file entry21.cif (mmCIF, C-alpha atoms)
data_upload
loop_
_atom_site.label_atom_id
_atom_site.label_comp_id
_atom_site.auth_asym_id
_atom_site.auth_seq_id
_atom_site.Cartn_x
_atom_site.Cartn_y
_atom_site.Cartn_z
CA MET A 1027 59.70 -69.94 -75.29
CA GLY A 1028 60.24 -66.37 -76.45
CA PHE A 1029 59.38 -63.90 -79.19
CA GLN A 1030 60.30 -66.15 -82.09
CA SER A 1031 58.38 -69.09 -80.61
CA ALA A 1032 55.32 -66.87 -80.18
CA LEU A 1033 55.50 -65.73 -83.79
CA ILE A 1034 55.89 -69.29 -85.05
CA ALA A 1035 52.71 -70.16 -83.14
CA VAL A 1036 50.89 -67.16 -84.66
CA GLY A 1037 51.94 -68.37 -88.11
CA GLN A 1038 50.46 -71.78 -87.30
CA LEU A 1039 47.19 -70.07 -86.42
CA ARG A 1040 47.09 -68.95 -90.04
CA ASP A 1041 48.20 -72.35 -91.35
CA GLU A 1042 45.33 -73.97 -89.43
CA GLY A 1043 42.82 -71.59 -91.08
CA ILE A 1044 41.74 -69.89 -87.86
CA ILE A 1045 42.90 -66.57 -89.31
CA SER A 1046 43.53 -65.71 -92.94
CA GLU A 1047 46.40 -63.29 -92.26
CA TYR A 1048 48.19 -61.48 -89.44
CA ALA A 1049 50.60 -58.63 -88.84
CA VAL A 1050 52.33 -57.38 -85.71
CA GLY A 1051 51.15 -53.88 -84.77
CA GLY A 1052 51.27 -51.62 -81.72
CA ALA A 1053 54.42 -50.81 -79.78
CA MET A 1054 56.36 -53.80 -81.07
CA ALA A 1055 55.80 -52.71 -84.67
CA MET A 1056 57.03 -49.27 -83.56
CA VAL A 1057 60.19 -50.92 -82.24
CA PHE A 1058 60.93 -52.41 -85.65
CA TRP A 1059 60.57 -49.04 -87.41
CA SER A 1060 62.02 -46.86 -84.68
CA GLU A 1061 64.03 -47.40 -81.49
CA PRO A 1062 63.61 -50.24 -78.99
CA VAL A 1063 61.43 -49.36 -75.99
CA ALA A 1064 60.19 -51.43 -73.08
CA THR A 1065 56.85 -52.91 -74.11
CA TYR A 1066 55.21 -55.88 -72.47
CA ASP A 1067 52.57 -57.33 -74.75
CA LEU A 1068 52.37 -58.16 -78.40
CA ASP A 1069 49.51 -56.78 -80.50
CA VAL A 1070 48.69 -59.00 -83.45
CA PHE A 1071 46.18 -57.64 -85.96
CA VAL A 1072 44.34 -60.45 -87.71
CA LEU A 1073 42.04 -60.98 -90.67
CA MET A 1074 39.40 -63.59 -90.10
CA PRO A 1075 38.44 -66.10 -92.81
CA ALA A 1076 35.38 -65.08 -94.84
CA ARG A 1077 33.44 -68.11 -93.56
CA SER A 1078 33.55 -66.75 -90.01
CA GLY A 1079 30.59 -64.46 -90.75
CA LEU A 1080 30.06 -60.75 -90.32
CA LEU A 1081 30.36 -60.73 -86.56
CA VAL A 1082 33.82 -61.63 -85.31
CA SER A 1083 34.14 -63.90 -82.31
CA LEU A 1084 37.37 -64.47 -80.43
CA ALA A 1085 36.16 -67.93 -79.41
CA PRO A 1086 38.31 -69.72 -82.04
CA PHE A 1087 41.42 -68.13 -80.49
CA TYR A 1088 40.53 -69.32 -77.02
CA GLU A 1089 39.71 -72.81 -78.29
CA TRP A 1090 43.04 -72.90 -80.12
CA ALA A 1091 44.82 -71.69 -76.97
CA ALA A 1092 43.12 -74.39 -74.88
CA ARG A 1093 44.17 -77.13 -77.34
CA ARG A 1094 47.76 -75.96 -77.03
CA ALA A 1095 47.62 -75.32 -73.29
CA TYR A 1096 48.42 -71.63 -73.71
CA PRO A 1097 47.18 -69.78 -70.62
CA VAL A 1098 44.55 -67.07 -71.10
CA GLU A 1099 44.97 -64.00 -68.90
CA GLN A 1100 42.13 -61.50 -69.30
CA GLU A 1101 42.37 -60.28 -72.92
CA HIS A 1102 45.78 -61.87 -73.55
CA ILE A 1103 46.78 -65.35 -74.60
CA VAL A 1104 50.23 -66.18 -73.23
CA ILE A 1105 52.23 -67.78 -76.03
CA GLY A 1106 55.85 -68.71 -75.47
CA GLY A 1107 55.76 -66.60 -72.31
CA LEU A 1108 54.57 -63.46 -74.17
CA PRO A 1109 51.14 -61.93 -73.52
CA VAL A 1110 49.63 -61.73 -77.01
CA GLN A 1111 46.49 -59.78 -77.86
CA PHE A 1112 44.71 -60.69 -81.08
CA ILE A 1113 42.93 -57.71 -82.62
CA PRO A 1114 40.57 -58.44 -85.52
CA ALA A 1115 40.97 -55.76 -88.21
CA HIS A 1116 38.24 -53.23 -87.38
CA ASN A 1117 37.96 -51.39 -90.70
CA GLU A 1118 39.32 -51.17 -94.27
CA LEU A 1119 42.44 -49.31 -93.16
CA ALA A 1120 43.33 -52.03 -90.64
CA GLU A 1121 42.66 -54.72 -93.27
CA GLU A 1122 44.92 -52.96 -95.74
CA ALA A 1123 47.59 -52.56 -93.05
CA VAL A 1124 47.58 -56.32 -92.46
CA LEU A 1125 47.47 -57.26 -96.15
CA GLU A 1126 50.34 -54.89 -97.04
CA ALA A 1127 52.48 -55.72 -93.99
CA VAL A 1128 56.23 -55.95 -94.41
CA LEU A 1129 57.99 -59.28 -93.97
CA LEU A 1130 60.95 -59.03 -91.58
CA ASP A 1131 63.32 -61.75 -90.45
CA VAL A 1132 63.64 -61.91 -86.69
CA GLY A 1133 66.52 -64.32 -86.31
CA GLU A 1134 65.41 -67.28 -88.40
CA VAL A 1135 61.70 -66.47 -88.21
CA PRO A 1136 59.84 -64.43 -90.86
CA VAL A 1137 57.47 -61.98 -89.16
CA ARG A 1138 54.80 -59.83 -90.80
CA VAL A 1139 54.89 -56.31 -89.37
CA ILE A 1140 52.53 -53.42 -90.16
CA GLY A 1141 54.54 -50.92 -92.21
CA PRO A 1142 55.38 -47.51 -90.77
CA GLU A 1143 53.01 -45.64 -93.09
CA HIS A 1144 50.01 -47.76 -92.12
CA LEU A 1145 51.06 -47.61 -88.48
CA ILE A 1146 50.94 -43.81 -88.65
CA ALA A 1147 47.54 -43.91 -90.34
CA LEU A 1148 46.16 -46.21 -87.64
CA TYR A 1149 47.46 -43.84 -84.94
CA LEU A 1150 45.75 -40.92 -86.69
CA GLU A 1151 42.31 -42.51 -86.72
CA PRO A 1152 39.94 -40.32 -84.71
CA SER A 1153 39.24 -43.13 -82.24
CA ALA A 1154 42.97 -43.65 -81.58
CA ARG A 1155 44.25 -40.10 -81.80
CA THR A 1156 45.63 -39.64 -78.28
CA ARG A 1157 48.71 -37.72 -77.16
CA LYS A 1158 50.61 -41.01 -76.77
CA TRP A 1159 49.78 -42.10 -80.31
CA LEU A 1160 50.67 -38.69 -81.73
CA GLU A 1161 54.08 -38.98 -80.02
CA ARG A 1162 54.52 -42.28 -81.80
CA VAL A 1163 53.63 -40.63 -85.11
CA ALA A 1164 56.29 -37.98 -84.46
CA ALA A 1165 58.87 -40.65 -83.60
CA LEU A 1166 58.13 -42.56 -86.80
CA LEU A 1167 58.34 -39.43 -88.92
CA GLU A 1168 61.61 -38.32 -87.29
CA GLY A 1169 63.08 -41.79 -87.76
CA GLY A 1170 63.39 -41.13 -91.48
CA GLY A 1171 62.14 -44.54 -92.60
CA VAL A 1172 58.72 -43.36 -93.72
CA ASP A 1173 57.88 -43.13 -97.42
CA ARG A 1174 56.09 -39.76 -97.40
CA ARG A 1175 54.47 -40.27 -100.79
CA ARG A 1176 53.06 -43.63 -99.72
CA LEU A 1177 51.95 -42.13 -96.41
CA ASP A 1178 50.19 -39.23 -98.16
CA LEU A 1179 48.33 -41.62 -100.45
CA ILE A 1180 47.14 -43.70 -97.48
CA LEU A 1181 46.09 -40.63 -95.49
CA ASP A 1182 44.22 -39.20 -98.50
CA ARG A 1183 42.46 -42.49 -99.10
CA TYR A 1184 41.16 -42.65 -95.54
CA GLY A 1185 40.60 -38.92 -94.95
CA LEU A 1186 43.27 -38.65 -92.25
CA VAL A 1187 45.62 -35.74 -91.57
CA LEU A 1188 48.96 -35.35 -89.83
CA PRO A 1189 49.03 -33.02 -86.81
CA GLY A 1190 49.56 -29.49 -88.07
CA ASP A 1191 48.57 -30.29 -91.65
CA PRO A 1192 45.61 -28.36 -93.08
CA ILE A 1193 42.39 -30.37 -93.04
CA MET B 497 68.83 -12.76 -62.29
CA THR B 498 71.14 -14.07 -59.59
CA GLY B 499 74.25 -12.37 -60.87
CA LEU B 500 76.02 -15.72 -60.68
CA THR B 501 77.63 -17.10 -63.76
CA SER B 502 79.09 -20.49 -64.40
CA PRO B 503 81.45 -21.50 -67.16
CA ARG B 504 79.42 -22.12 -70.31
CA PRO B 505 80.05 -24.76 -72.97
CA THR B 506 80.98 -23.55 -76.41
CA PRO B 507 78.37 -23.80 -79.17
CA GLU B 508 80.70 -26.31 -80.83
CA LEU B 509 80.61 -28.55 -77.75
CA ILE B 510 76.81 -28.40 -77.57
CA ALA B 511 76.60 -29.16 -81.29
CA ALA B 512 78.96 -32.14 -80.85
CA LEU B 513 76.90 -33.47 -77.93
CA ARG B 514 73.68 -33.18 -79.93
CA ARG B 515 75.32 -34.83 -82.93
CA GLY B 516 76.47 -37.71 -80.74
CA LYS B 517 72.97 -38.15 -79.32
CA ASN B 518 71.44 -38.17 -82.79
CA GLU B 519 73.98 -40.76 -83.94
CA LEU B 520 73.15 -42.96 -80.95
CA HIS B 521 69.42 -42.82 -81.76
CA ALA B 522 70.11 -43.50 -85.44
CA SER B 523 72.27 -46.52 -84.57
CA ARG B 524 69.47 -47.92 -82.38
CA ARG B 525 66.93 -47.41 -85.17
CA ALA B 526 69.23 -49.28 -87.56
CA LEU B 527 69.65 -52.39 -85.40
CA PRO B 528 68.55 -55.67 -87.00
CA PRO B 529 65.10 -56.89 -85.84
CA ALA B 530 66.45 -59.73 -83.67
CA GLU B 531 68.81 -57.33 -81.93
CA LYS B 532 65.89 -54.97 -81.29
CA VAL B 533 63.94 -57.81 -79.66
CA ARG B 534 66.96 -58.54 -77.44
CA MET B 535 67.10 -54.87 -76.49
CA VAL B 536 63.35 -54.75 -75.69
CA ILE B 537 63.85 -57.68 -73.30
CA ALA B 538 66.85 -55.97 -71.69
CA LEU B 539 64.81 -52.75 -71.29
CA GLN B 540 61.97 -54.72 -69.70
CA GLY B 541 64.48 -56.03 -67.14
CA LEU B 542 65.53 -52.47 -66.34
CA ALA B 543 62.06 -50.90 -66.31
CA LEU B 544 60.02 -53.48 -64.41
CA PRO B 545 61.74 -53.03 -61.00
CA LEU B 546 61.34 -49.26 -61.34
CA ILE B 547 57.63 -49.57 -62.22
CA ASN B 548 57.14 -52.03 -59.36
CA TRP B 549 58.77 -49.53 -57.02
CA ARG B 550 56.04 -47.01 -57.89
CA ARG B 551 53.03 -49.34 -58.14
CA PRO B 552 52.10 -53.02 -58.35
CA LEU B 553 52.81 -54.48 -61.77
CA LYS B 554 49.90 -55.18 -64.10
CA TYR B 555 49.29 -58.82 -64.91
CA TYR B 556 50.95 -58.58 -68.33
CA GLU B 557 53.99 -56.60 -67.20
CA ARG B 558 56.73 -59.21 -67.10
CA GLN B 559 60.04 -59.83 -68.79
CA TRP B 560 59.76 -61.98 -71.89
CA PRO B 561 61.71 -65.23 -71.96
CA VAL B 562 64.63 -65.40 -74.36
CA ASP B 563 64.23 -67.80 -77.29
CA GLU B 564 66.18 -71.06 -76.97
CA ALA B 565 68.08 -70.24 -80.17
CA GLU B 566 69.18 -66.98 -78.56
CA THR B 567 70.38 -68.55 -75.32
CA SER B 568 72.66 -70.93 -77.22
CA ARG B 569 74.49 -68.03 -78.90
#
call {"tool": "encode", "arguments": {"input": "entry21.cif", "output": "structure tokens"}}
result
Amino acid sequence: MGFQSALIAVGQLRDEGIISEYAVGGAMAMVFWSEPVATYDLDVFVLMPARSGLLVSLAPFYEWAARRAYPVEQEHIVIGGLPVQFIPAHNELAEEAVLEAVLLDVGEVPVRVIGPEHLIALYLEPSARTRKWLERVAALLEGGGVDRRRLDLILDRYGLVLPGDPI
Amino acid sequence: MTGLTSPRPTPELIAALRRGKNELHASRRALPPAEKVRMVIALQGLALPLINWRRPLKYYERQWPVDEAETSR
């Protein structure tokens, strides 16, 4: 039970071929690149195998959860006591964020985490650009761990702009 | 204007306080990942009773269990 157990289980999801890759995103990714905050669920961005077709179904996740007796609570699967939400990558930026995730060691467990530059880009997407997300962007930028050149390249590639930057 | 004045801190004191705060934030940012997870769990333990005081908790708002490897430390 616990964070590391949950991440080991997510890794097994990949080993079993249900997903092709994963990376932790959302507030928990923020924690790794900034300061710890109280967050309650774990967002896991996933790439689905090519054979799963153009339309993504979450059914394989629920079947996997049932085989392992992980409870399902609304849109979360409770793994190791953590509510985990699996989010299929919704566009090229999200796919790139997962593929180029950074490998961190949490205790003894290697964990793929969306890098700070991609995290900022995801927060700047028009569909996600809320006050809360923009505060997260500011926190990441103030943290000093962001590679500005890499960030600029990503933002240029996807037509995104930082708040206050000329469009 | 009330006409009342209170003793004011020196600019040096304010600067030192701000510096200390910045150093605290920087030290938290620099924690190793496992330590950050431990701190998230500790913060959940502090925040949840306060949230529950204001409103019922949402179904996913709960404190995460600590990994077995962590409890044996």
call {"tool": "residues_around", "arguments": {"input": "entry21.cif", "residues": "A:Arg1162", "least_positions_apart": "4", "cutoff": "10 Å", "atoms": "only C-alpha atoms", "output": "CSV table (one decimal) with C-alpha atoms, keeping the file's coordinate frame"}}
result
chain,number,residue,atom,x,y,z
A,1052,GLY,CA,51.3,-51.6,-81.7
A,1053,ALA,CA,54.4,-50.8,-79.8
A,1056,MET,CA,57.0,-49.3,-83.6
A,1060,SER,CA,62.0,-46.9,-84.7
A,1145,LEU,CA,51.1,-47.6,-88.5
A,1146,ILE,CA,50.9,-43.8,-88.6
A,1149,TYR,CA,47.5,-43.8,-84.9
A,1156,THR,CA,45.6,-39.6,-78.3
A,1157,ARG,CA,48.7,-37.7,-77.2
A,1158,LYS,CA,50.6,-41.0,-76.8
A,1166,LEU,CA,58.1,-42.6,-86.8
A,1167,LEU,CA,58.3,-39.4,-88.9
A,1168,GLU,CA,61.6,-38.3,-87.3
call {"tool": "residues_around", "arguments": {"input": "entry21.cif", "residues": "A:Asp1173", "least_positions_apart": "3", "cutoff": "12 Å", "atoms": "all atoms listed in the file", "output": "list in words"}}
result
Trp1059, Gly1141, Pro1142, Glu1143, His1144, Ile1146, Leu1166, Leu1167, Glu1168, Gly1169, Gly1170, Arg1176, Leu1177, Asp1178, Leu1179 and Ile1180 of chain A
call {"tool": "write_last_selection", "arguments": {"input": "entry21.cif", "atoms": "C-alpha atoms", "output": "JSON list (two decimals), in the frame of the given file"}}
result
[["chain", "number", "residue", "atom", "x", "y", "z"],
["A", 1059, "TRP", "CA", 60.57, -49.04, -87.41],
["A", 1141, "GLY", "CA", 54.54, -50.92, -92.21],
["A", 1142, "PRO", "CA", 55.38, -47.51, -90.77],
["A", 1143, "GLU", "CA", 53.01, -45.64, -93.09],
["A", 1144, "HIS", "CA", 50.01, -47.76, -92.12],
["A", 1146, "ILE", "CA", 50.94, -43.81, -88.65],
["A", 1166, "LEU", "CA", 58.13, -42.56, -86.80],
["A", 1167, "LEU", "CA", 58.34, -39.43, -88.92],
["A", 1168, "GLU", "CA", 61.61, -38.32, -87.29],
["A", 1169, "GLY", "CA", 63.08, -41.79, -87.76],
["A", 1170, "GLY", "CA", 63.39, -41.13, -91.48],
["A", 1176, "ARG", "CA", 53.06, -43.63, -99.72],
["A", 1177, "LEU", "CA", 51.95, -42.13, -96.41],
["A", 1178, "ASP", "CA", 50.19, -39.23, -98.16],
["A", 1179, "LEU", "CA", 48.33, -41.62, -100.45],
["A", 1180, "ILE", "CA", 47.14, -43.70, -97.48]]
call {"tool": "residues_near_point", "arguments": {"input": "entry21.cif", "point": "(38.7, -43.9, -96.5)", "cutoff": "12 Å", "atoms": "all atoms listed in the file", "output": "list in words"}}
result
Asn1117, Glu1118, Leu1119, Ala1120, Glu1121, Glu1122, Ala1147, Leu1148, Glu1151, Leu1179, Ile1180, Leu1181, Asp1182, Arg1183, Tyr1184, Gly1185, Leu1186 and Val1187 of chain A
call {"tool": "write_last_selection", "arguments": {"input": "entry21.cif", "atoms": "C-alpha atoms", "output": "PDB file, in the coordinates of the input"}}
result
ATOM      1  CA  ASN A1117      37.960 -51.390 -90.700  1.00  0.00           C
ATOM      2  CA  GLU A1118      39.320 -51.170 -94.270  1.00  0.00           C
ATOM      3  CA  LEU A1119      42.440 -49.310 -93.160  1.00  0.00           C
ATOM      4  CA  ALA A1120      43.330 -52.030 -90.640  1.00  0.00           C
ATOM      5  CA  GLU A1121      42.660 -54.720 -93.270  1.00  0.00           C
ATOM      6  CA  GLU A1122      44.920 -52.960 -95.740  1.00  0.00           C
ATOM      7  CA  ALA A1147      47.540 -43.910 -90.340  1.00  0.00           C
ATOM      8  CA  LEU A1148      46.160 -46.210 -87.640  1.00  0.00           C
ATOM      9  CA  GLU A1151      42.310 -42.510 -86.720  1.00  0.00           C
ATOM     10  CA  LEU A1179      48.330 -41.620-100.450  1.00  0.00           C
ATOM     11  CA  ILE A1180      47.140 -43.700 -97.480  1.00  0.00           C
ATOM     12  CA  LEU A1181      46.090 -40.630 -95.490  1.00  0.00           C
ATOM     13  CA  ASP A1182      44.220 -39.200 -98.500  1.00  0.00           C
ATOM     14  CA  ARG A1183      42.460 -42.490 -99.100  1.00  0.00           C
ATOM     15  CA  TYR A1184      41.160 -42.650 -95.540  1.00  0.00           C
ATOM     16  CA  GLY A1185      40.600 -38.920 -94.950  1.00  0.00           C
ATOM     17  CA  LEU A1186      43.270 -38.650 -92.250  1.00  0.00           C
ATOM     18  CA  VAL A1187      45.620 -35.740 -91.570  1.00  0.00           C
TER      19      VAL A1187
END
call {"tool": "interface_residues", "arguments": {"input": "entry21.cif", "of": "chain B", "to": "chain A", "cutoff": "6 Å", "atoms": "all atoms listed in the file", "output": "JSON, numbers by chain"}}
result
{"B": [524, 525, 529, 530, 532, 536, 539, 540, 557, 560, 561, 562, 563]}
call {"tool": "closest_residue", "arguments": {"input": "entry21.cif", "among": "A:Leu1081, A:Val1072, A:Val1098, A:Ala1091", "to": "B:Tyr556", "atoms": "all atoms listed in the file"}}
result
A:Val1098
call {"tool": "atom_distance", "arguments": {"input": "entry21.cif", "atom1": "atom CA of A:Arg1094", "atom2": "atom CA of A:Glu1042"}}
result
12.8 Å
call {"tool": "atom_distance", "arguments": {"input": "entry21.cif", "atom1": "atom CA of A:Gly1190", "atom2": "atom CA of A:Arg1174"}}
result
15.3 Å
call {"tool": "closest_residue", "arguments": {"input": "entry21.cif", "among": "A:Leu1039, A:Leu1150, A:Ile1103, A:Ala1049", "to": "A:Arg1138", "atoms": "all atoms listed in the file"}}
result
A:Ala1049
call {"tool": "atom_distance", "arguments": {"input": "entry21.cif", "atom1": "atom CA of B:Gly541", "atom2": "atom CA of A:Phe1087"}}
result
29.3 Å
call {"tool": "closest_residue", "arguments": {"input": "entry21.cif", "among": "B:Leu500, B:Ala522, B:Leu542, B:Ala512", "to": "A:Ala1165", "atoms": "all atoms listed in the file"}}
result
B:Ala522
call {"tool": "axis_aligned_box", "arguments": {"input": "entry21.cif", "around": "stretch 1049-1055 of chain A", "padding_each_side": "3 Å", "output": "JSON"}}
result
{"center_x": 53.5, "center_y": -54.7, "center_z": -84.3, "size_x": 11.8, "size_y": 13.8, "size_z": 15.1}
call {"tool": "residues_around", "arguments": {"input": "entry21.cif", "residues": "A:Val1082", "least_positions_apart": "3", "cutoff": "10 Å", "atoms": "all atoms listed in the file", "output": "MDAnalysis selection string"}}
result
chainID A and resid 1073:1075 1078:1079 1085:1086 1114:1116
call {"tool": "decode", "arguments": {"input": "entry21.cif", "residues": "stretch 540-555 of chain B", "atoms": "N, CA, C and O atoms", "output": "PDB file, in the first residue's frame"}}
result
ATOM      1  N   GLN B 540      -1.544  16.222   3.703  1.00  0.00           N
ATOM      2  CA  GLN B 540      -2.925  15.704   3.613  1.00  0.00           C
ATOM      3  C   GLN B 540      -3.507  15.552   5.009  1.00  0.00           C
ATOM      4  O   GLN B 540      -4.666  15.914   5.257  1.00  0.00           O
ATOM      5  N   GLY B 541      -2.689  15.018   5.931  1.00  0.00           N
ATOM      6  CA  GLY B 541      -3.155  14.812   7.309  1.00  0.00           C
ATOM      7  C   GLY B 541      -3.522  16.118   7.991  1.00  0.00           C
ATOM      8  O   GLY B 541      -4.426  16.165   8.830  1.00  0.00           O
ATOM      9  N   LEU B 542      -2.816  17.188   7.625  1.00  0.00           N
ATOM     10  CA  LEU B 542      -3.120  18.500   8.210  1.00  0.00           C
ATOM     11  C   LEU B 542      -4.342  19.135   7.545  1.00  0.00           C
ATOM     12  O   LEU B 542      -5.177  19.749   8.211  1.00  0.00           O
ATOM     13  N   ALA B 543      -4.429  18.999   6.220  1.00  0.00           N
ATOM     14  CA  ALA B 543      -5.462  19.729   5.468  1.00  0.00           C
ATOM     15  C   ALA B 543      -6.847  19.087   5.568  1.00  0.00           C
ATOM     16  O   ALA B 543      -7.854  19.800   5.618  1.00  0.00           O
ATOM     17  N   LEU B 544      -6.891  17.755   5.581  1.00  0.00           N
ATOM     18  CA  LEU B 544      -8.200  17.090   5.506  1.00  0.00           C
ATOM     19  C   LEU B 544      -9.147  17.471   6.654  1.00  0.00           C
ATOM     20  O   LEU B 544     -10.325  17.758   6.395  1.00  0.00           O
ATOM     21  N   PRO B 545      -8.681  17.502   7.910  1.00  0.00           N
ATOM     22  CA  PRO B 545      -9.613  17.918   8.982  1.00  0.00           C
ATOM     23  C   PRO B 545     -10.121  19.351   8.783  1.00  0.00           C
ATOM     24  O   PRO B 545     -11.278  19.645   9.088  1.00  0.00           O
ATOM     25  N   LEU B 546      -9.276  20.214   8.251  1.00  0.00           N
ATOM     26  CA  LEU B 546      -9.693  21.605   8.020  1.00  0.00           C
ATOM     27  C   LEU B 546     -10.728  21.677   6.902  1.00  0.00           C
ATOM     28  O   LEU B 546     -11.712  22.418   6.992  1.00  0.00           O
ATOM     29  N   ILE B 547     -10.507  20.905   5.828  1.00  0.00           N
ATOM     30  CA  ILE B 547     -11.480  20.883   4.722  1.00  0.00           C
ATOM     31  C   ILE B 547     -12.807  20.318   5.229  1.00  0.00           C
ATOM     32  O   ILE B 547     -13.881  20.858   4.961  1.00  0.00           O
ATOM     33  N   ASN B 548     -12.704  19.243   6.015  1.00  0.00           N
ATOM     34  CA  ASN B 548     -13.910  18.578   6.527  1.00  0.00           C
ATOM     35  C   ASN B 548     -14.675  19.474   7.503  1.00  0.00           C
ATOM     36  O   ASN B 548     -15.872  19.303   7.700  1.00  0.00           O
ATOM     37  N   TRP B 549     -13.982  20.412   8.088  1.00  0.00           N
ATOM     38  CA  TRP B 549     -14.622  21.367   8.997  1.00  0.00           C
ATOM     39  C   TRP B 549     -15.508  22.328   8.199  1.00  0.00           C
ATOM     40  O   TRP B 549     -16.542  22.782   8.667  1.00  0.00           O
ATOM     41  N   ARG B 550     -15.076  22.615   6.948  1.00  0.00           N
ATOM     42  CA  ARG B 550     -15.825  23.548   6.100  1.00  0.00           C
ATOM     43  C   ARG B 550     -16.916  22.866   5.302  1.00  0.00           C
ATOM     44  O   ARG B 550     -17.956  23.433   5.028  1.00  0.00           O
ATOM     45  N   ARG B 551     -16.639  21.629   4.857  1.00  0.00           N
ATOM     46  CA  ARG B 551     -17.590  20.922   3.975  1.00  0.00           C
ATOM     47  C   ARG B 551     -17.307  19.427   4.051  1.00  0.00           C
ATOM     48  O   ARG B 551     -16.218  19.027   4.486  1.00  0.00           O
ATOM     49  N   PRO B 552     -18.272  18.608   3.608  1.00  0.00           N
ATOM     50  CA  PRO B 552     -17.991  17.163   3.567  1.00  0.00           C
ATOM     51  C   PRO B 552     -16.861  16.876   2.578  1.00  0.00           C
ATOM     52  O   PRO B 552     -16.759  17.548   1.539  1.00  0.00           O
ATOM     53  N   LEU B 553     -16.053  15.906   2.904  1.00  0.00           N
ATOM     54  CA  LEU B 553     -14.940  15.560   2.010  1.00  0.00           C
ATOM     55  C   LEU B 553     -15.471  14.901   0.748  1.00  0.00           C
ATOM     56  O   LEU B 553     -16.486  14.189   0.778  1.00  0.00           O
ATOM     57  N   LYS B 554     -14.777  15.146  -0.371  1.00  0.00           N
ATOM     58  CA  LYS B 554     -15.109  14.436  -1.604  1.00  0.00           C
ATOM     59  C   LYS B 554     -14.592  12.999  -1.482  1.00  0.00           C
ATOM     60  O   LYS B 554     -13.715  12.729  -0.655  1.00  0.00           O
ATOM     61  N   TYR B 555     -15.131  12.136  -2.348  1.00  0.00           N
ATOM     62  CA  TYR B 555     -14.850  10.711  -2.172  1.00  0.00           C
ATOM     63  C   TYR B 555     -13.361  10.379  -2.282  1.00  0.00           C
ATOM     64  O   TYR B 555     -12.886   9.424  -1.697  1.00  0.00           O
TER      65      TYR B 555
END
